[in-house]
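*Asks:* Structure: input_12.txt, compact mmCIF, C-alpha atoms.
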```
# COMPACT_ATOMS: atom_id res chain seq x y z
CA MET Q 53 0.53 26.60 -5.29
CA LEU Q 54 -3.12 27.03 -4.65
CA TRP Q 55 -4.03 24.15 -6.98
CA VAL Q 56 -3.68 21.53 -4.22
CA ILE Q 57 -6.20 23.32 -2.01
CA ARG Q 58 -8.52 23.71 -5.02
CA CYS Q 59 -8.26 19.97 -5.66
CA LEU Q 60 -9.08 19.33 -1.99
CA ALA Q 61 -12.12 21.57 -2.32
CA LEU Q 62 -13.27 19.84 -5.51
CA ALA Q 63 -12.81 16.43 -3.86
CA HIS Q 64 -15.03 17.49 -0.95
CA PHE Q 65 -17.64 18.83 -3.38
CA ALA Q 66 -17.41 15.58 -5.36
CA TRP Q 67 -18.13 13.54 -2.20
CA GLY Q 68 -20.69 15.92 -0.71
CA LEU Q 69 -23.03 16.29 -3.67
CA PRO Q 70 -23.66 12.54 -4.18
CA LEU Q 71 -24.30 12.13 -0.45
CA VAL Q 72 -26.91 14.88 -0.53
CA PHE Q 73 -28.51 13.37 -3.65
CA ILE Q 74 -28.58 9.92 -2.02
CA ALA Q 75 -30.30 11.41 1.02
CA ILE Q 76 -32.88 13.15 -1.17
CA TYR Q 77 -33.46 9.96 -3.13
CA PHE Q 78 -34.02 7.87 0.03
CA GLY Q 79 -36.33 10.49 1.50
CA VAL Q 80 -38.46 10.87 -1.61
CA ALA Q 81 -38.61 7.10 -2.18
CA MET Q 82 -39.81 6.44 1.37
CA LEU Q 83 -42.37 9.22 1.29
CA ARG Q 84 -43.69 7.98 -2.07
CA ALA Q 85 -44.03 4.46 -0.65
CA MET Q 86 -46.02 5.71 2.35
CA PRO Q 87 -49.50 5.03 0.88
CA ASP Q 88 -48.51 1.43 0.10
CA LEU Q 89 -47.31 0.80 3.65
CA SER Q 90 -50.49 1.97 5.31
CA SER Q 91 -52.96 -0.55 6.69
CA GLY Q 92 -55.75 1.97 7.11
CA ALA Q 93 -55.88 5.67 6.43
CA VAL Q 94 -52.90 7.02 4.53
CA TRP Q 95 -51.60 9.19 7.38
CA THR Q 96 -51.69 6.51 10.12
CA ASP Q 97 -48.12 5.37 9.47
CA LEU Q 98 -46.71 8.90 9.14
CA PRO Q 99 -44.68 8.84 12.41
CA GLY Q 100 -43.05 5.53 11.47
CA ILE Q 101 -42.29 6.69 7.94
CA LEU Q 102 -40.84 9.97 9.18
CA LEU Q 103 -38.65 8.02 11.62
CA LEU Q 104 -37.39 5.83 8.77
CA VAL Q 105 -36.81 8.87 6.56
CA SER Q 106 -34.83 10.61 9.28
CA VAL Q 107 -32.76 7.53 10.14
CA TYR Q 108 -31.79 6.91 6.53
CA THR Q 109 -31.48 10.44 5.20
CA LEU Q 110 -30.08 12.59 8.02
CA PRO Q 111 -26.65 10.89 8.21
CA PHE Q 112 -26.16 11.02 4.43
CA GLY Q 113 -27.57 14.52 4.09
CA GLY Q 114 -25.75 15.93 7.11
CA LEU Q 115 -22.41 14.48 6.09
CA GLY Q 116 -22.94 15.61 2.50
CA LEU Q 117 -23.75 19.17 3.54
CA TRP Q 118 -20.74 19.25 5.88
CA MET Q 119 -18.50 18.02 3.04
CA ILE Q 120 -19.83 20.82 0.85
CA VAL Q 121 -19.12 23.34 3.64
CA LEU Q 122 -15.57 21.99 3.99
CA GLY Q 123 -15.17 22.22 0.22
CA ARG Q 124 -16.28 25.85 0.28
CA TRP Q 125 -13.91 26.61 3.15
CA ALA Q 126 -11.07 25.00 1.21
CA TRP Q 127 -11.97 26.96 -1.92
CA MET Q 128 -12.04 30.22 0.05
CA VAL Q 129 -8.86 29.20 2.00
CA ARG Q 130 -10.28 29.73 5.48
CA PRO Q 131 -7.78 29.86 8.36
CA ARG Q 132 -9.50 27.14 10.42
CA LEU Q 133 -9.72 24.69 7.52
CA ARG Q 134 -7.05 22.32 8.83
CA LEU Q 135 -8.68 22.13 12.26
CA ALA Q 136 -12.08 21.41 10.71
CA LEU Q 137 -10.56 18.72 8.48
CA LEU Q 138 -8.80 17.07 11.41
CA ILE Q 139 -11.92 17.09 13.59
CA THR Q 140 -14.07 15.75 10.75
CA HIS Q 141 -11.66 13.00 9.85
CA GLY Q 142 -11.09 12.23 13.54
CA VAL Q 143 -14.81 11.68 14.06
CA LEU Q 144 -14.99 9.58 10.89
CA LEU Q 145 -11.97 7.49 11.89
CA LEU Q 146 -14.02 4.63 13.33
CA PRO Q 147 -16.45 4.34 10.38
CA GLY Q 148 -13.53 4.66 7.97
CA THR Q 149 -11.60 1.92 9.75
CA LEU Q 150 -14.66 -0.33 9.74
CA SER Q 151 -15.07 0.35 6.03
CA VAL Q 152 -11.47 -0.64 5.34
CA VAL Q 153 -11.81 -3.83 7.43
CA ALA Q 154 -15.07 -4.73 5.67
CA GLY Q 155 -13.48 -4.04 2.29
CA VAL Q 156 -10.47 -6.23 3.02
CA SER Q 157 -12.79 -8.99 4.23
CA ALA Q 158 -14.92 -8.63 1.08
CA MET Q 159 -11.82 -8.75 -1.12
CA ARG Q 160 -10.73 -12.00 0.56
CA ALA Q 161 -14.21 -13.46 0.01
CA ALA Q 162 -14.12 -12.30 -3.62
CA GLU Q 163 -10.74 -13.98 -4.05
CA ARG Q 164 -12.14 -17.26 -2.71
CA SER Q 165 -15.17 -16.89 -4.99
CA THR Q 166 -12.97 -16.27 -8.01
CA ALA Q 167 -10.83 -19.29 -7.18
CA SER Q 168 -13.93 -21.51 -7.24
CA GLY Q 169 -15.13 -20.21 -10.61
CA GLY Q 170 -17.32 -17.27 -9.59
CA GLY Q 171 -16.30 -13.74 -8.82
CA ILE Q 172 -18.07 -11.66 -11.45
CA LEU Q 173 -18.49 -8.81 -8.92
CA SER Q 174 -15.03 -9.19 -7.34
CA PRO Q 175 -13.88 -5.64 -8.23
CA VAL Q 176 -16.84 -4.23 -6.28
CA ALA Q 177 -15.23 -5.57 -3.10
CA ALA Q 178 -12.58 -2.82 -3.35
CA PHE Q 179 -15.14 0.03 -3.00
CA PRO Q 180 -15.23 0.04 0.84
CA VAL Q 181 -11.44 0.19 0.91
CA LEU Q 182 -11.41 3.06 -1.59
CA LEU Q 183 -13.99 4.93 0.49
CA GLY Q 184 -12.36 4.27 3.85
CA VAL Q 185 -8.68 4.91 3.15
CA PRO Q 186 -8.96 8.71 2.57
CA ILE Q 187 -10.99 9.02 5.77
CA VAL Q 188 -8.46 7.05 7.80
CA VAL Q 189 -5.29 8.69 6.43
CA LEU Q 190 -5.78 12.33 7.48
CA PRO Q 191 -5.91 11.87 11.29
CA PHE Q 192 -2.49 10.21 11.11
CA ALA Q 193 -0.94 13.09 9.20
CA PRO Q 194 2.25 14.74 10.56
CA SER Q 195 2.17 17.05 13.55
CA ARG Q 196 1.33 20.74 13.23
CA GLN Q 197 4.95 21.84 12.83
CA ARG Q 198 5.56 19.35 10.03
CA TRP Q 199 2.45 19.90 7.92
CA PRO Q 200 3.10 20.09 4.19
CA TRP Q 201 3.28 23.58 2.74
CA PHE Q 202 -0.05 23.24 0.94
CA LEU Q 203 -1.96 22.65 4.20
CA ARG Q 204 -0.36 25.63 5.94
CA CYS Q 205 -2.18 28.12 3.72
CA GLY Q 206 -4.21 29.74 6.51
CA GLU Q 207 -1.40 30.16 9.01
CA PRO Q 208 0.26 33.52 9.49
CA LYS Q 209 3.78 33.79 8.10
CA ARG Q 210 6.47 33.12 10.69
CA ASP Q 211 9.65 35.16 10.85
CA HIS Q 212 12.57 32.75 11.13
CA GLY Q 213 15.14 35.50 11.55
```
Take the structure in the file and write it out as structure tokens.
*Replies:*
Amino acid sequence: MLWVIRCLALAHFAWGLPLVFIAIYFGVAMLRAMPDLSSGAVWTDLPGILLLVSVYTLPFGGLGLWMIVLGRWAWMVRPRLRLALLITHGVLLLPGTLSVVAGVSAMRAAERSTASGGGILSPVAAFPVLLGVPIVVLPFAPSRQRWPWFLRCGEPKRDHG
């Protein structure tokens, strides 16, 4: 039943590629706007622009590249995949939790807006919840001995006899 691991790999590719493209988009957009932000010579604001580019693009690009690496490891069924997934999702637990809390808060605000006659963008309020829940779920998965069969793919076979 390798299909579950393949789906996990494809999901990580599907999250990683847009993150890398978002980082590239932000970087190119800021560098293209550099001449318009300059008060004198074009290169005078280069340090500030490079700081902005790095602040906005490195988190998206780094996380996107790491997601692609995890996807490749899942596709190749590496033995340390589960450990890498747990560490990654453990580090992302706080941002994922904040995303879920913000999404629930936005859904409540959207509900109030809909009740008063507005709420055209109410379904958009669910996006932070949809992004945060997969990040938050994995660190609370069962202990090592009780992992589902499809996540034990890299472990050596145990002799129960």
*Asks:* List every protein, DNA or RNA residue with an atom no more than 10 Å from (-11.7, 24.3, 0.0) in the file's coordinates, counting all atoms listed in the file, and format the result as number ranges by chain.
*Replies:* Q: 56-65, 119-130, 133
*Asks:* Considering all atoms listed in the file, can you say which of Q:Ala81, Q:Met86, Q:Val188, Q:Gly171 comes closest to Leu137 of chain Q?
*Replies:*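 Looking at the shortest contact to Leu137 of chain Q, the residue is Q:Val188.
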*Asks:* Using atom CA of Gly116 of chain Q and atom CA of Leu138 of chain Q as the two end points, give the distance in Å to one decimal.
*Replies:*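 Atom CA of Gly116 of chain Q sits 16.8 Å away from atom CA of Leu138 of chain Q.
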*Asks:* Mind listing as an MDAnalysis selection string all residues within 12 Å of (-16.1, -0.9, 6.3), counting all atoms listed in the file?
*Replies:* chainID Q and resid 144:159 177:185 187:188
*Asks:* Work out how far atom CA of Leu102 of chain Q is from atom CA of Ile74 of chain Q, in Å to one decimal.
*Replies:* 16.6 Å
*Asks:* Atom CA of Tyr108 of chain Q to atom CA of Trp67 of chain Q: how many Å, to one decimal?
*Replies:*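 Rounded to one decimal, the two atoms are 17.5 Å apart.
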*Asks:* Select, from Q:Val176, Q:Leu104, Q:Leu54, Q:Ala136, the residue with the minimum atom-to-atom distance to Phe78 of chain Q, counting all atoms listed in the file.
*Replies:*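 Of Q:Val176, Q:Leu104, Q:Leu54, Q:Ala136, the one nearest Phe78 of chain Q is Q:Leu104, counting all atoms listed in the file.
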*Asks:* Could you pull the residues within 8 Å of Phe112 of chain Q, counting all atoms listed in the file, minus those fewer than 6 positions along the same chain, as a PyMOL selection string?
*Replies:* chain Q and resi 71-72+74-75
*Asks:* Set the distance at 8 Å and use all atoms listed in the file: which residues neighbour Ile76 of chain Q once local chain neighbours fewer than 4 positions away are removed? I'd like the list as a ChimeraX atom specification.
*Replies:* /Q:72,80,109,113
*Asks:* Which residue, Q:Ala66, Q:Ala93, Q:Leu98, Q:Ala162, has the smallest gap to Leu117 of chain Q when you use all atoms listed in the file?
*Replies:*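 Closest to Leu117 of chain Q, using all atoms listed in the file: Q:Ala66.
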*Asks:* Kindly complete segment 55-90 of chain Q to N, CA and C atoms; the output should be written as a CSV table (one decimal), keeping the file's coordinate frame.
*Replies:*
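Output below, filename selection-v3.csv:
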```csv
chain,number,residue,atom,x,y,z
Q,55,TRP,N,-3.3,25.2,-6.3
Q,55,TRP,CA,-4.0,24.2,-7.0
Q,55,TRP,C,-4.3,22.9,-6.1
Q,56,VAL,N,-3.5,22.7,-5.1
Q,56,VAL,CA,-3.7,21.5,-4.2
Q,56,VAL,C,-4.9,21.8,-3.3
Q,57,ILE,N,-5.0,23.0,-2.8
Q,57,ILE,CA,-6.2,23.3,-2.0
Q,57,ILE,C,-7.5,23.3,-2.9
Q,58,ARG,N,-7.4,23.8,-4.1
Q,58,ARG,CA,-8.5,23.7,-5.0
Q,58,ARG,C,-8.9,22.3,-5.3
Q,59,CYS,N,-7.9,21.4,-5.5
Q,59,CYS,CA,-8.3,20.0,-5.7
Q,59,CYS,C,-8.9,19.4,-4.4
Q,60,LEU,N,-8.5,19.8,-3.2
Q,60,LEU,CA,-9.1,19.3,-2.0
Q,60,LEU,C,-10.5,19.8,-1.9
Q,61,ALA,N,-10.8,21.0,-2.3
Q,61,ALA,CA,-12.1,21.6,-2.3
Q,61,ALA,C,-13.0,20.8,-3.3
Q,62,LEU,N,-12.5,20.6,-4.5
Q,62,LEU,CA,-13.3,19.8,-5.5
Q,62,LEU,C,-13.5,18.4,-5.1
Q,63,ALA,N,-12.6,17.8,-4.4
Q,63,ALA,CA,-12.8,16.4,-3.9
Q,63,ALA,C,-13.9,16.4,-2.8
Q,64,HIS,N,-14.0,17.4,-2.0
Q,64,HIS,CA,-15.0,17.5,-1.0
Q,64,HIS,C,-16.4,17.8,-1.6
Q,65,PHE,N,-16.4,18.6,-2.6
Q,65,PHE,CA,-17.6,18.8,-3.4
Q,65,PHE,C,-18.1,17.5,-4.1
Q,66,ALA,N,-17.1,16.8,-4.6
Q,66,ALA,CA,-17.4,15.6,-5.4
Q,66,ALA,C,-17.9,14.5,-4.4
Q,67,TRP,N,-17.6,14.5,-3.2
Q,67,TRP,CA,-18.1,13.5,-2.2
Q,67,TRP,C,-19.4,14.1,-1.6
Q,68,GLY,N,-19.5,15.4,-1.4
Q,68,GLY,CA,-20.7,15.9,-0.7
Q,68,GLY,C,-22.0,15.9,-1.6
Q,69,LEU,N,-21.8,16.2,-2.8
Q,69,LEU,CA,-23.0,16.3,-3.7
Q,69,LEU,C,-23.7,14.9,-3.8
Q,70,PRO,N,-23.0,13.8,-4.1
Q,70,PRO,CA,-23.7,12.5,-4.2
Q,70,PRO,C,-24.3,12.1,-2.9
Q,71,LEU,N,-23.7,12.5,-1.7
Q,71,LEU,CA,-24.3,12.1,-0.4
Q,71,LEU,C,-25.6,12.9,-0.3
Q,72,VAL,N,-25.7,14.1,-0.6
Q,72,VAL,CA,-26.9,14.9,-0.5
Q,72,VAL,C,-28.0,14.3,-1.5
Q,73,PHE,N,-27.6,14.0,-2.7
Q,73,PHE,CA,-28.5,13.4,-3.6
Q,73,PHE,C,-29.0,12.0,-3.2
Q,74,ILE,N,-28.2,11.2,-2.6
Q,74,ILE,CA,-28.6,9.9,-2.0
Q,74,ILE,C,-29.6,10.1,-0.9
Q,75,ALA,N,-29.4,11.1,-0.1
Q,75,ALA,CA,-30.3,11.4,1.0
Q,75,ALA,C,-31.6,11.9,0.5
Q,76,ILE,N,-31.6,12.7,-0.5
Q,76,ILE,CA,-32.9,13.2,-1.2
Q,76,ILE,C,-33.6,12.0,-1.8
Q,77,TYR,N,-32.9,11.1,-2.5
Q,77,TYR,CA,-33.5,10.0,-3.1
Q,77,TYR,C,-34.1,9.0,-2.1
Q,78,PHE,N,-33.4,8.7,-1.0
Q,78,PHE,CA,-34.0,7.9,0.0
Q,78,PHE,C,-35.3,8.5,0.6
Q,79,GLY,N,-35.2,9.8,0.9
Q,79,GLY,CA,-36.3,10.5,1.5
Q,79,GLY,C,-37.5,10.5,0.6
Q,80,VAL,N,-37.3,10.8,-0.7
Q,80,VAL,CA,-38.5,10.9,-1.6
Q,80,VAL,C,-39.0,9.5,-1.8
Q,81,ALA,N,-38.1,8.5,-1.9
Q,81,ALA,CA,-38.6,7.1,-2.2
Q,81,ALA,C,-39.5,6.6,-1.0
Q,82,MET,N,-39.0,6.9,0.2
Q,82,MET,CA,-39.8,6.4,1.4
Q,82,MET,C,-41.1,7.2,1.5
Q,83,LEU,N,-41.1,8.5,1.2
Q,83,LEU,CA,-42.4,9.2,1.3
Q,83,LEU,C,-43.3,8.8,0.2
Q,84,ARG,N,-42.8,8.4,-1.0
Q,84,ARG,CA,-43.7,8.0,-2.1
Q,84,ARG,C,-44.3,6.6,-1.8
Q,85,ALA,N,-43.6,5.8,-1.0
Q,85,ALA,CA,-44.0,4.5,-0.6
Q,85,ALA,C,-45.0,4.5,0.5
Q,86,MET,N,-45.2,5.6,1.1
Q,86,MET,CA,-46.0,5.7,2.4
Q,86,MET,C,-47.4,5.2,2.1
Q,87,PRO,N,-48.1,5.5,1.0
Q,87,PRO,CA,-49.5,5.0,0.9
Q,87,PRO,C,-49.6,3.5,0.8
Q,88,ASP,N,-48.5,2.9,0.2
Q,88,ASP,CA,-48.5,1.4,0.1
Q,88,ASP,C,-48.2,0.7,1.4
Q,89,LEU,N,-47.6,1.4,2.4
Q,89,LEU,CA,-47.3,0.8,3.6
Q,89,LEU,C,-48.4,1.0,4.7
Q,90,SER,N,-49.4,1.7,4.4
Q,90,SER,CA,-50.5,2.0,5.3
Q,90,SER,C,-51.5,0.8,5.3
```
